[in-house]
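**Q** Take a look at the following structure, please.
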Number of protein chains: 2
Amino acid sequence: MKLGNLQLRIMRSLWERGEATARQITDDLSGGVPSTLSTVQTLLRKLETKGAVRHEQRERTFYFRPLIKEQDVARSAAQDLLARVYDNSLSGLLAHLLEDETVSAEELRDIKQLIEAREREMTK
Amino acid sequence: MKLGNLQLRIMRSLWERGEATARQITDDLSGGVPSTLSTVQTLLRKLETKGAVRHEQRERTFYFRPLIKEQDVARSAAQDLLARVYDNSLSGLLAHLLEDETVSAEELRDIKQLIEAREREMTK
DNA sequence: GAATGTAATTTACCATGGTAAATGAAAAAT
DNA sequence: ATTTTTCATTTACCATGGTAAATTACATTC
């Protein structure tokens with residue numbers, strides 16, 4: 001499942017809240033680039049058509065829930081980038097990511113450990 | 001500069017060739033998902049409007065050249081993914097990338113070396 | 001009960017990426 | 001010289017993401 005920018009931010013609100021109304025999501029968005037309630041409602045419909053969310057009506061109001069997992073969306077976006085842009089060259093991608101000066105020592109330690117863990121899985 | 005899928009494939013042909021006609025690019029594309037000459041011409045125009053390519057006419061034919069660098073496009077796509085989807089968590093992204101079973105031992109070795117090199121830069 | 005507020009729904013744009021046929025003009029082949 | 005090929009250009013779609021006003025329907029408040 002491929003999502004646009006605002007779609008992703010809407011999903012993020014839903015993933016955090018578990019369930020949310022269009023109004024609540026609109027409020028969540030107001031911190032960054034704000035969108036009107038109307039826009040959020042439109043996108044929620046489109047997300048529902050795509051099968052990314054579902055809604056349940058209580059009283060007059062729609063309560064939305066995510067149907068797709070954050071991890072799955074992220075994973076497929078990462079795989080897509082790797083394939084489309086880097087021709088599946090992991091080292092090519094990582095080389096670019098490591099160029100960023102703001103990478104912390106902790107991050108480096110963490111990802112090194114990820115790789116070492118993966119190496120251990122390798123031999124099995 | 002953000003490029004669509006076909007736009008990227010067209011650029012890739014241009015990056016490899018240095019200079020190419022719409023026809024040559026169309027031929028290059030015929031290996032994967034093919035596109036008609038007409039479509040390629042249309043997209044080349046749009047790429048030119050965006051400033052991604054320029055053309056030069058010789059005889060009757062347009063010869064296109066890339067104006068943007070492959071590395072820059074890749075880099076910005078990677079940064080965009082990292083920020084938009086992973087909230088700038090490098091380890092989060094790498095964790096997903098390493099889940100792919102088809103990662104080779106060589107790739108692992110390569111990226112480990114990238115990280116170690118980056119660690120050495122760190123202390124400076 | 002009338003006014004106000006709050007929902008969903010409808011409708012209508014715009015931009016971008018992609019698709020390609022149709023047309024016209026020029027070069028190449030016959 | 002006529003036909004065929006090969007370009008560029010024009011035109012016209014479609015899908016998706018995003019934007020939002022206008023409308024309608026229902027609650028809440030005064």
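Here's how to read the names in the structure tokens: chain A, B, ... by the order shown, residue numbers from 1 in each chain, ligand numbers from 1 in the order shown.
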Give the superposed chain B as a short mmCIF file (atom, residue, chain, number, x, y, z; two decimals) with N, CA, C and O atoms, in the first residue's frame, the fit being least squares on chain A over all ordered C-alpha pairs.

**A**
data_model
loop_
_atom_site.label_atom_id
_atom_site.label_comp_id
_atom_site.auth_asym_id
_atom_site.auth_seq_id
_atom_site.Cartn_x
_atom_site.Cartn_y
_atom_site.Cartn_z
N MET B 1 0.77 -1.22 -0.10
CA MET B 1 -0.07 0.00 -0.10
C MET B 1 0.81 1.25 -0.09
O MET B 1 1.61 1.46 0.81
N LYS B 2 0.62 2.08 -1.09
CA LYS B 2 1.42 3.29 -1.24
C LYS B 2 0.57 4.49 -0.84
O LYS B 2 -0.53 4.66 -1.33
N LEU B 3 1.09 5.31 0.04
CA LEU B 3 0.31 6.43 0.56
C LEU B 3 0.98 7.77 0.27
O LEU B 3 2.20 7.89 0.28
N GLY B 4 0.15 8.78 0.05
CA GLY B 4 0.66 10.14 -0.10
C GLY B 4 1.05 10.70 1.25
O GLY B 4 0.88 10.04 2.29
N ASN B 5 1.54 11.90 1.20
CA ASN B 5 2.07 12.52 2.41
C ASN B 5 1.01 12.75 3.48
O ASN B 5 1.18 12.35 4.64
N LEU B 6 -0.04 13.37 3.07
CA LEU B 6 -1.11 13.65 4.03
C LEU B 6 -1.78 12.36 4.47
O LEU B 6 -2.13 12.19 5.64
N GLN B 7 -1.96 11.46 3.54
CA GLN B 7 -2.55 10.16 3.86
C GLN B 7 -1.73 9.47 4.95
O GLN B 7 -2.28 8.90 5.89
N LEU B 8 -0.44 9.57 4.82
CA LEU B 8 0.45 8.96 5.80
C LEU B 8 0.30 9.62 7.17
O LEU B 8 0.26 8.94 8.20
N ARG B 9 0.18 10.92 7.15
CA ARG B 9 0.04 11.63 8.43
C ARG B 9 -1.29 11.31 9.09
O ARG B 9 -1.38 11.21 10.31
N ILE B 10 -2.30 11.14 8.26
CA ILE B 10 -3.60 10.74 8.80
C ILE B 10 -3.51 9.34 9.41
O ILE B 10 -4.00 9.09 10.52
N MET B 11 -2.87 8.44 8.66
CA MET B 11 -2.72 7.08 9.17
C MET B 11 -1.93 7.08 10.47
O MET B 11 -2.24 6.33 11.40
N ARG B 12 -0.94 7.92 10.55
CA ARG B 12 -0.11 7.96 11.75
C ARG B 12 -0.96 8.34 12.97
O ARG B 12 -0.82 7.77 14.05
N SER B 13 -1.83 9.30 12.75
CA SER B 13 -2.74 9.68 13.82
C SER B 13 -3.61 8.49 14.23
O SER B 13 -3.83 8.24 15.42
N LEU B 14 -4.08 7.76 13.24
CA LEU B 14 -4.93 6.60 13.53
C LEU B 14 -4.14 5.49 14.21
O LEU B 14 -4.65 4.81 15.11
N TRP B 15 -2.92 5.30 13.78
CA TRP B 15 -2.11 4.26 14.41
C TRP B 15 -1.85 4.59 15.88
O TRP B 15 -1.87 3.72 16.73
N GLU B 16 -1.62 5.84 16.14
CA GLU B 16 -1.36 6.23 17.52
C GLU B 16 -2.60 6.14 18.38
O GLU B 16 -2.56 5.69 19.52
N ARG B 17 -3.71 6.56 17.82
CA ARG B 17 -4.93 6.62 18.61
C ARG B 17 -5.70 5.30 18.63
O ARG B 17 -6.49 5.07 19.53
N GLY B 18 -5.49 4.51 17.60
CA GLY B 18 -6.27 3.28 17.51
C GLY B 18 -7.61 3.55 16.84
O GLY B 18 -8.01 2.86 15.92
N GLU B 19 -8.27 4.57 17.30
CA GLU B 19 -9.54 4.99 16.71
C GLU B 19 -9.61 6.50 16.82
O GLU B 19 -9.18 7.07 17.82
N ALA B 20 -10.14 7.14 15.80
CA ALA B 20 -10.21 8.59 15.84
C ALA B 20 -11.28 9.12 14.90
O ALA B 20 -11.64 8.48 13.90
N THR B 21 -11.79 10.29 15.22
CA THR B 21 -12.72 10.99 14.34
C THR B 21 -11.92 11.92 13.42
O THR B 21 -10.75 12.23 13.70
N ALA B 22 -12.57 12.35 12.36
CA ALA B 22 -11.93 13.28 11.43
C ALA B 22 -11.47 14.54 12.17
O ALA B 22 -10.41 15.09 11.89
N ARG B 23 -12.26 14.94 13.11
CA ARG B 23 -11.92 16.14 13.88
C ARG B 23 -10.66 15.94 14.71
O ARG B 23 -9.76 16.78 14.72
N GLN B 24 -10.59 14.81 15.37
CA GLN B 24 -9.39 14.53 16.17
C GLN B 24 -8.14 14.48 15.30
O GLN B 24 -7.09 15.00 15.66
N ILE B 25 -8.29 13.85 14.15
CA ILE B 25 -7.15 13.76 13.24
C ILE B 25 -6.74 15.15 12.78
O ILE B 25 -5.56 15.49 12.74
N THR B 26 -7.73 15.95 12.44
CA THR B 26 -7.44 17.33 12.02
C THR B 26 -6.67 18.07 13.10
O THR B 26 -5.72 18.81 12.81
N ASP B 27 -7.06 17.85 14.33
CA ASP B 27 -6.34 18.48 15.44
C ASP B 27 -4.90 17.98 15.51
O ASP B 27 -3.97 18.75 15.70
N ASP B 28 -4.74 16.68 15.34
CA ASP B 28 -3.38 16.11 15.36
C ASP B 28 -2.51 16.75 14.28
O ASP B 28 -1.32 16.97 14.48
N LEU B 29 -3.11 17.03 13.14
CA LEU B 29 -2.35 17.58 12.02
C LEU B 29 -2.01 19.05 12.24
O LEU B 29 -1.08 19.57 11.60
N SER B 30 -2.74 19.70 13.10
CA SER B 30 -2.58 21.15 13.23
C SER B 30 -1.19 21.53 13.74
O SER B 30 -0.77 22.67 13.56
N GLY B 31 -0.49 20.56 14.33
CA GLY B 31 0.87 20.84 14.76
C GLY B 31 1.80 21.11 13.59
O GLY B 31 2.58 22.05 13.62
N GLY B 32 1.71 20.29 12.57
CA GLY B 32 2.56 20.49 11.39
C GLY B 32 1.87 21.37 10.37
O GLY B 32 1.37 22.42 10.72
N VAL B 33 1.87 20.92 9.13
CA VAL B 33 1.13 21.64 8.09
C VAL B 33 -0.35 21.33 8.31
O VAL B 33 -0.75 20.17 8.20
N PRO B 34 -1.14 22.31 8.63
CA PRO B 34 -2.54 22.04 8.97
C PRO B 34 -3.38 21.77 7.72
O PRO B 34 -3.07 22.21 6.62
N SER B 35 -4.44 21.03 7.90
CA SER B 35 -5.42 20.80 6.85
C SER B 35 -6.81 21.05 7.43
O SER B 35 -7.01 20.91 8.63
N THR B 36 -7.73 21.40 6.58
CA THR B 36 -9.09 21.62 7.06
C THR B 36 -9.77 20.29 7.33
O THR B 36 -9.40 19.26 6.78
N LEU B 37 -10.78 20.36 8.17
CA LEU B 37 -11.58 19.18 8.46
C LEU B 37 -12.11 18.56 7.17
O LEU B 37 -12.10 17.33 6.99
N SER B 38 -12.53 19.42 6.27
CA SER B 38 -13.10 18.95 5.01
C SER B 38 -12.10 18.11 4.22
O SER B 38 -12.43 17.04 3.69
N THR B 39 -10.89 18.59 4.15
CA THR B 39 -9.85 17.86 3.43
C THR B 39 -9.59 16.51 4.09
O THR B 39 -9.48 15.48 3.41
N VAL B 40 -9.51 16.51 5.38
CA VAL B 40 -9.26 15.26 6.10
C VAL B 40 -10.39 14.28 5.86
O VAL B 40 -10.16 13.09 5.61
N GLN B 41 -11.61 14.77 5.87
CA GLN B 41 -12.74 13.89 5.61
C GLN B 41 -12.67 13.29 4.22
O GLN B 41 -12.92 12.09 4.03
N THR B 42 -12.33 14.12 3.26
CA THR B 42 -12.21 13.62 1.88
C THR B 42 -11.15 12.52 1.80
O THR B 42 -11.38 11.46 1.20
N LEU B 43 -10.03 12.76 2.40
CA LEU B 43 -8.96 11.78 2.32
C LEU B 43 -9.30 10.50 3.08
O LEU B 43 -8.93 9.41 2.67
N LEU B 44 -10.03 10.64 4.17
CA LEU B 44 -10.46 9.45 4.90
C LEU B 44 -11.36 8.58 4.02
O LEU B 44 -11.26 7.36 4.02
N ARG B 45 -12.21 9.24 3.25
CA ARG B 45 -13.04 8.49 2.32
C ARG B 45 -12.20 7.75 1.30
O ARG B 45 -12.43 6.58 1.00
N LYS B 46 -11.23 8.46 0.76
CA LYS B 46 -10.36 7.84 -0.24
C LYS B 46 -9.57 6.69 0.38
O LYS B 46 -9.35 5.66 -0.25
N LEU B 47 -9.13 6.88 1.60
CA LEU B 47 -8.41 5.81 2.29
C LEU B 47 -9.32 4.61 2.53
O LEU B 47 -8.89 3.46 2.47
N GLU B 48 -10.57 4.90 2.79
CA GLU B 48 -11.52 3.81 3.02
C GLU B 48 -11.76 3.03 1.72
O GLU B 48 -11.79 1.80 1.72
N THR B 49 -11.88 3.78 0.63
CA THR B 49 -12.03 3.13 -0.69
C THR B 49 -10.86 2.22 -0.98
O THR B 49 -11.01 1.13 -1.54
N LYS B 50 -9.69 2.66 -0.59
CA LYS B 50 -8.48 1.86 -0.82
C LYS B 50 -8.34 0.70 0.16
O LYS B 50 -7.43 -0.12 0.04
N GLY B 51 -9.18 0.70 1.17
CA GLY B 51 -9.08 -0.39 2.15
C GLY B 51 -8.06 -0.14 3.25
O GLY B 51 -7.65 -1.07 3.94
N ALA B 52 -7.65 1.11 3.41
CA ALA B 52 -6.65 1.41 4.44
C ALA B 52 -7.28 1.67 5.80
O ALA B 52 -6.63 1.51 6.84
N VAL B 53 -8.52 2.08 5.78
CA VAL B 53 -9.23 2.33 7.03
C VAL B 53 -10.68 1.84 6.90
O VAL B 53 -11.16 1.57 5.81
N ARG B 54 -11.33 1.75 8.02
CA ARG B 54 -12.78 1.50 8.01
C ARG B 54 -13.39 2.45 9.03
O ARG B 54 -12.70 3.00 9.88
N HIS B 55 -14.71 2.65 8.93
CA HIS B 55 -15.32 3.51 9.93
C HIS B 55 -16.56 2.84 10.49
O HIS B 55 -17.14 1.92 9.90
N GLU B 56 -16.92 3.38 11.62
CA GLU B 56 -18.06 2.88 12.36
C GLU B 56 -18.79 4.12 12.85
O GLU B 56 -18.16 5.04 13.35
N GLN B 57 -20.09 4.13 12.67
CA GLN B 57 -20.83 5.32 13.06
C GLN B 57 -21.44 5.13 14.45
O GLN B 57 -22.09 4.13 14.72
N ARG B 58 -21.19 6.11 15.30
CA ARG B 58 -21.85 6.12 16.60
C ARG B 58 -22.47 7.50 16.77
O ARG B 58 -21.78 8.50 16.60
N GLU B 59 -23.72 7.52 17.10
CA GLU B 59 -24.48 8.77 17.11
C GLU B 59 -24.40 9.34 15.70
O GLU B 59 -24.76 8.65 14.75
N ARG B 60 -23.84 10.50 15.61
CA ARG B 60 -23.79 11.13 14.30
C ARG B 60 -22.40 11.04 13.68
O ARG B 60 -22.18 11.41 12.54
N THR B 61 -21.46 10.54 14.46
CA THR B 61 -20.06 10.72 14.10
C THR B 61 -19.40 9.44 13.62
O THR B 61 -19.69 8.35 14.11
N PHE B 62 -18.50 9.59 12.66
CA PHE B 62 -17.72 8.46 12.15
C PHE B 62 -16.47 8.27 12.99
O PHE B 62 -15.71 9.21 13.20
N TYR B 63 -16.26 7.05 13.44
CA TYR B 63 -15.03 6.71 14.14
C TYR B 63 -14.21 5.82 13.23
O TYR B 63 -14.67 4.76 12.83
N PHE B 64 -13.03 6.27 12.91
CA PHE B 64 -12.18 5.54 11.97
C PHE B 64 -11.15 4.70 12.69
O PHE B 64 -10.64 5.08 13.74
N ARG B 65 -10.84 3.58 12.05
CA ARG B 65 -9.77 2.70 12.54
C ARG B 65 -8.88 2.29 11.37
O ARG B 65 -9.36 2.13 10.26
N PRO B 66 -7.62 2.12 11.63
CA PRO B 66 -6.71 1.68 10.56
C PRO B 66 -6.93 0.20 10.24
O PRO B 66 -7.21 -0.59 11.14
N LEU B 67 -6.81 -0.13 8.98
CA LEU B 67 -6.89 -1.54 8.58
C LEU B 67 -5.54 -2.07 8.12
O LEU B 67 -5.38 -3.25 7.88
N ILE B 68 -4.60 -1.19 7.97
CA ILE B 68 -3.26 -1.63 7.56
C ILE B 68 -2.28 -1.27 8.67
O ILE B 68 -2.53 -0.37 9.47
N LYS B 69 -1.17 -1.99 8.69
CA LYS B 69 -0.19 -1.81 9.76
C LYS B 69 0.90 -0.83 9.36
O LYS B 69 1.38 -0.83 8.23
N GLU B 70 1.30 -0.06 10.32
CA GLU B 70 2.36 0.92 10.09
C GLU B 70 3.63 0.24 9.56
O GLU B 70 4.25 0.70 8.62
N GLN B 71 3.96 -0.86 10.20
CA GLN B 71 5.18 -1.57 9.81
C GLN B 71 5.11 -2.03 8.36
O GLN B 71 6.09 -1.99 7.63
N ASP B 72 3.94 -2.48 7.94
CA ASP B 72 3.79 -2.96 6.56
C ASP B 72 3.94 -1.82 5.56
O ASP B 72 4.57 -1.98 4.51
N VAL B 73 3.35 -0.69 5.89
CA VAL B 73 3.47 0.47 5.01
C VAL B 73 4.91 0.91 4.90
O VAL B 73 5.44 1.14 3.81
N ALA B 74 5.57 1.00 6.04
CA ALA B 74 6.97 1.43 6.06
C ALA B 74 7.83 0.45 5.28
O ALA B 74 8.64 0.83 4.43
N ARG B 75 7.65 -0.82 5.57
CA ARG B 75 8.44 -1.85 4.92
C ARG B 75 8.30 -1.78 3.40
O ARG B 75 9.29 -1.80 2.68
N SER B 76 7.08 -1.66 2.92
CA SER B 76 6.90 -1.67 1.47
C SER B 76 7.44 -0.39 0.85
O SER B 76 7.95 -0.41 -0.27
N ALA B 77 7.38 0.71 1.59
CA ALA B 77 7.97 1.94 1.07
C ALA B 77 9.48 1.80 0.97
O ALA B 77 10.10 2.25 0.01
N ALA B 78 10.07 1.16 1.97
CA ALA B 78 11.52 0.97 1.96
C ALA B 78 11.94 0.05 0.82
O ALA B 78 12.88 0.33 0.08
N GLN B 79 11.23 -1.04 0.68
CA GLN B 79 11.54 -1.97 -0.40
C GLN B 79 11.37 -1.32 -1.76
O GLN B 79 12.16 -1.54 -2.68
N ASP B 80 10.36 -0.51 -1.87
CA ASP B 80 10.09 0.18 -3.13
C ASP B 80 11.25 1.12 -3.47
O ASP B 80 11.73 1.12 -4.61
N LEU B 81 11.68 1.88 -2.51
CA LEU B 81 12.82 2.78 -2.76
C LEU B 81 14.05 1.99 -3.15
O LEU B 81 14.74 2.31 -4.13
N LEU B 82 14.33 0.96 -2.39
CA LEU B 82 15.53 0.15 -2.64
C LEU B 82 15.51 -0.40 -4.06
O LEU B 82 16.52 -0.33 -4.78
N ALA B 83 14.39 -0.90 -4.48
CA ALA B 83 14.29 -1.51 -5.81
C ALA B 83 14.28 -0.44 -6.90
O ALA B 83 15.06 -0.51 -7.86
N ARG B 84 13.43 0.56 -6.73
CA ARG B 84 13.21 1.53 -7.80
C ARG B 84 14.41 2.43 -8.00
O ARG B 84 14.81 2.71 -9.13
N VAL B 85 14.98 2.88 -6.90
CA VAL B 85 16.03 3.90 -7.00
C VAL B 85 17.43 3.31 -6.89
O VAL B 85 18.36 3.77 -7.53
N TYR B 86 17.57 2.28 -6.07
CA TYR B 86 18.92 1.76 -5.81
C TYR B 86 19.19 0.41 -6.43
O TYR B 86 20.20 -0.22 -6.12
N ASP B 87 18.28 -0.03 -7.29
CA ASP B 87 18.51 -1.30 -7.96
C ASP B 87 18.86 -2.39 -6.94
O ASP B 87 19.74 -3.21 -7.17
N ASN B 88 18.22 -2.30 -5.81
CA ASN B 88 18.40 -3.27 -4.73
C ASN B 88 19.80 -3.30 -4.10
O ASN B 88 20.16 -4.29 -3.46
N SER B 89 20.54 -2.25 -4.31
CA SER B 89 21.85 -2.18 -3.66
C SER B 89 21.72 -1.55 -2.27
O SER B 89 21.62 -0.33 -2.11
N LEU B 90 21.77 -2.41 -1.27
CA LEU B 90 21.64 -1.96 0.10
C LEU B 90 22.79 -1.03 0.48
O LEU B 90 22.60 0.00 1.12
N SER B 91 23.98 -1.39 0.03
CA SER B 91 25.14 -0.56 0.38
C SER B 91 25.03 0.81 -0.27
O SER B 91 25.43 1.82 0.32
N GLY B 92 24.50 0.85 -1.49
CA GLY B 92 24.31 2.14 -2.15
C GLY B 92 23.39 3.04 -1.35
O GLY B 92 23.68 4.21 -1.13
N LEU B 93 22.30 2.47 -0.90
CA LEU B 93 21.35 3.23 -0.10
C LEU B 93 21.96 3.66 1.23
O LEU B 93 21.90 4.83 1.62
N LEU B 94 22.59 2.73 1.89
CA LEU B 94 23.15 3.06 3.21
C LEU B 94 24.25 4.11 3.09
O LEU B 94 24.38 4.98 3.96
N ALA B 95 25.02 4.03 2.04
CA ALA B 95 26.07 5.03 1.84
C ALA B 95 25.47 6.43 1.85
O ALA B 95 25.98 7.33 2.51
N HIS B 96 24.35 6.58 1.16
CA HIS B 96 23.71 7.89 1.14
C HIS B 96 23.16 8.29 2.50
O HIS B 96 23.27 9.44 2.91
N LEU B 97 22.59 7.33 3.17
CA LEU B 97 21.98 7.65 4.46
C LEU B 97 23.03 8.06 5.48
O LEU B 97 22.78 8.89 6.35
N LEU B 98 24.19 7.46 5.36
CA LEU B 98 25.26 7.77 6.32
C LEU B 98 25.95 9.10 6.03
O LEU B 98 26.70 9.60 6.85
N GLU B 99 25.67 9.65 4.87
CA GLU B 99 26.28 10.96 4.55
C GLU B 99 25.72 12.07 5.42
O GLU B 99 26.34 13.11 5.57
N ASP B 100 24.55 11.83 5.93
CA ASP B 100 23.92 12.86 6.78
C ASP B 100 24.77 13.10 8.03
O ASP B 100 25.07 12.19 8.79
N GLU B 101 25.13 14.34 8.21
CA GLU B 101 26.03 14.67 9.33
C GLU B 101 25.35 14.47 10.68
O GLU B 101 26.01 14.26 11.69
N THR B 102 24.06 14.55 10.68
CA THR B 102 23.36 14.54 11.96
C THR B 102 23.15 13.14 12.52
O THR B 102 22.42 12.96 13.50
N VAL B 103 23.74 12.15 11.90
CA VAL B 103 23.61 10.79 12.44
C VAL B 103 24.37 10.72 13.77
O VAL B 103 25.53 11.10 13.84
N SER B 104 23.70 10.24 14.76
CA SER B 104 24.31 10.23 16.09
C SER B 104 25.13 8.96 16.31
O SER B 104 24.97 7.95 15.61
N ALA B 105 25.98 9.02 17.31
CA ALA B 105 26.80 7.86 17.67
C ALA B 105 25.92 6.70 18.11
O ALA B 105 26.21 5.53 17.82
N GLU B 106 24.83 7.04 18.77
CA GLU B 106 23.91 5.99 19.24
C GLU B 106 23.27 5.26 18.06
O GLU B 106 23.19 4.04 18.04
N GLU B 107 22.84 6.05 17.08
CA GLU B 107 22.25 5.45 15.89
C GLU B 107 23.25 4.51 15.23
O GLU B 107 22.91 3.39 14.83
N LEU B 108 24.47 4.97 15.14
CA LEU B 108 25.51 4.15 14.52
C LEU B 108 25.68 2.84 15.28
O LEU B 108 25.76 1.76 14.68
N ARG B 109 25.74 2.95 16.59
CA ARG B 109 25.87 1.76 17.41
C ARG B 109 24.68 0.82 17.17
O ARG B 109 24.85 -0.38 16.95
N ASP B 110 23.49 1.39 17.15
CA ASP B 110 22.28 0.58 16.95
C ASP B 110 22.30 -0.16 15.62
O ASP B 110 22.01 -1.36 15.57
N ILE B 111 22.60 0.56 14.58
CA ILE B 111 22.53 -0.10 13.28
C ILE B 111 23.66 -1.10 13.11
O ILE B 111 23.51 -2.12 12.44
N LYS B 112 24.78 -0.84 13.76
CA LYS B 112 25.87 -1.81 13.71
C LYS B 112 25.42 -3.11 14.37
O LYS B 112 25.69 -4.21 13.88
N GLN B 113 24.73 -2.97 15.46
CA GLN B 113 24.23 -4.16 16.15
C GLN B 113 23.21 -4.91 15.31
O GLN B 113 23.18 -6.14 15.29
N LEU B 114 22.39 -4.16 14.59
CA LEU B 114 21.43 -4.80 13.70
C LEU B 114 22.13 -5.67 12.67
O LEU B 114 21.72 -6.79 12.38
N ILE B 115 23.21 -5.11 12.15
CA ILE B 115 23.95 -5.84 11.12
C ILE B 115 24.63 -7.08 11.70
O ILE B 115 24.60 -8.16 11.11
N GLU B 116 25.19 -6.90 12.88
CA GLU B 116 25.86 -8.05 13.51
C GLU B 116 24.87 -9.15 13.84
O GLU B 116 25.16 -10.34 13.68
N ALA B 117 23.69 -8.75 14.28
CA ALA B 117 22.66 -9.74 14.55
C ALA B 117 22.28 -10.48 13.26
O ALA B 117 22.11 -11.70 13.25
N ARG B 118 22.21 -9.69 12.20
CA ARG B 118 21.84 -10.29 10.91
C ARG B 118 22.94 -11.23 10.43
O ARG B 118 22.66 -12.29 9.83
N GLU B 119 24.16 -10.89 10.70
CA GLU B 119 25.30 -11.76 10.33
C GLU B 119 25.21 -13.10 11.05
O GLU B 119 25.46 -14.15 10.45
N ARG B 120 24.84 -13.01 12.29
CA ARG B 120 24.72 -14.25 13.06
C ARG B 120 23.60 -15.13 12.50
O ARG B 120 23.73 -16.34 12.43
N GLU B 121 22.53 -14.50 12.06
CA GLU B 121 21.45 -15.26 11.43
C GLU B 121 21.89 -15.90 10.14
O GLU B 121 21.36 -16.92 9.71
N MET B 122 22.85 -15.26 9.55
CA MET B 122 23.33 -15.65 8.22
C MET B 122 23.87 -17.07 8.21
O MET B 122 23.54 -17.86 7.33
N THR B 123 24.71 -17.37 9.17
CA THR B 123 25.42 -18.66 9.21
C THR B 123 24.47 -19.83 9.43
O THR B 123 24.78 -20.96 9.06
N LYS B 124 23.35 -19.54 10.09
CA LYS B 124 22.41 -20.63 10.36
C LYS B 124 21.91 -21.29 9.07
O LYS B 124 21.55 -20.62 8.12
#

**Q** So that I can check the surroundings of DA12 (chain D), please list as a ChimeraX atom specification every protein, DNA and RNA residue that reaches within 12 Å of it, counting only C-alpha atoms (C1' of nucleotides) and ignoring chain neighbours fewer than 2 positions away.

**A** /C:19-22 /D:10,14

**Q** Could you write out that same residue set with N, CA, C and O atoms (P, O5', C5', C4', C3', O3' and C1' of nucleotides) as a JSON list (two decimals), in the first residue's frame?

**A**
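And here's again-v5.json as it stands now:
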[["chain", "number", "residue", "atom", "x", "y", "z"],
["C", 19, "DT", "P", 2.97, 4.59, -18.39],
["C", 19, "DT", "O5'", 1.85, 4.88, -19.49],
["C", 19, "DT", "C5'", 0.49, 4.57, -19.22],
["C", 19, "DT", "C4'", -0.37, 5.02, -20.38],
["C", 19, "DT", "C3'", 0.30, 4.84, -21.73],
["C", 19, "DT", "O3'", -0.17, 3.68, -22.38],
["C", 19, "DT", "C1'", -0.92, 6.90, -21.57],
["C", 20, "DA", "P", 0.60, 3.17, -23.66],
["C", 20, "DA", "O5'", -0.02, 4.13, -24.78],
["C", 20, "DA", "C5'", -1.44, 4.23, -24.84],
["C", 20, "DA", "C4'", -1.84, 5.35, -25.76],
["C", 20, "DA", "C3'", -1.16, 5.28, -27.14],
["C", 20, "DA", "O3'", -2.16, 5.22, -28.12],
["C", 20, "DA", "C1'", -1.22, 7.48, -26.32],
["C", 21, "DA", "P", -1.92, 4.41, -29.39],
["C", 21, "DA", "O5'", -2.99, 5.14, -30.33],
["C", 21, "DA", "C5'", -4.32, 5.33, -29.86],
["C", 21, "DA", "C4'", -4.87, 6.65, -30.36],
["C", 21, "DA", "C3'", -4.76, 6.83, -31.88],
["C", 21, "DA", "O3'", -5.95, 7.42, -32.38],
["C", 21, "DA", "C1'", -3.69, 8.63, -30.77],
["C", 22, "DA", "P", -6.21, 7.52, -33.95],
["C", 22, "DA", "O5'", -5.94, 9.06, -34.28],
["C", 22, "DA", "C5'", -6.45, 10.06, -33.40],
["C", 22, "DA", "C4'", -6.03, 11.42, -33.91],
["C", 22, "DA", "C3'", -5.85, 11.52, -35.42],
["C", 22, "DA", "O3'", -6.34, 12.79, -35.83],
["C", 22, "DA", "C1'", -3.82, 12.10, -34.36],
["D", 10, "DT", "P", 2.84, 22.67, -30.50],
["D", 10, "DT", "O5'", 1.40, 21.97, -30.59],
["D", 10, "DT", "C5'", 0.89, 21.58, -31.86],
["D", 10, "DT", "C4'", -0.39, 20.78, -31.68],
["D", 10, "DT", "C3'", -1.27, 21.23, -30.51],
["D", 10, "DT", "O3'", -2.56, 21.51, -31.04],
["D", 10, "DT", "C1'", -0.97, 18.88, -30.48],
["D", 14, "DC", "P", -11.60, 9.45, -19.78],
["D", 14, "DC", "O5'", -10.47, 8.86, -18.80],
["D", 14, "DC", "C5'", -9.76, 7.70, -19.18],
["D", 14, "DC", "C4'", -8.75, 7.36, -18.09],
["D", 14, "DC", "C3'", -9.35, 7.52, -16.69],
["D", 14, "DC", "O3'", -9.20, 6.30, -15.98],
["D", 14, "DC", "C1'", -7.28, 8.69, -16.88]]

**Q** Mind checking DSSP for chain B and telling me the strand (DSSP E) residues as a list in words?

**A**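 Strand (DSSP E) members of chain B, listed: Val53, Arg54, His55, Glu56, Gln57, Arg58, Thr61, Phe62, Tyr63, Phe64, Arg65 and Pro66 of chain B.
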
**Q** Name all residues at most 10 Å from DT6 (chain C) (count only C-alpha atoms (C1' of nucleotides); drop same-chain ones fewer than 2 positions away) and give them as a ChimeraX atom specification.

**A** /A:60-61 /C:4,8 /D:26-28

**Q** Show me which bits of chain D are within 12 Å of chain A, counting only C-alpha atoms (C1' of nucleotides), as JSON, numbers by chain.

**A** {"D": [16, 17, 18, 19, 20, 21, 22, 25, 26, 27]}

**Q** When you draw a straight line from C1' of DT16 (chain C) to C1' of DT11 (chain D), how long is it in Å?

**A**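 Rounded to one decimal, the two atoms are 17.8 Å apart.
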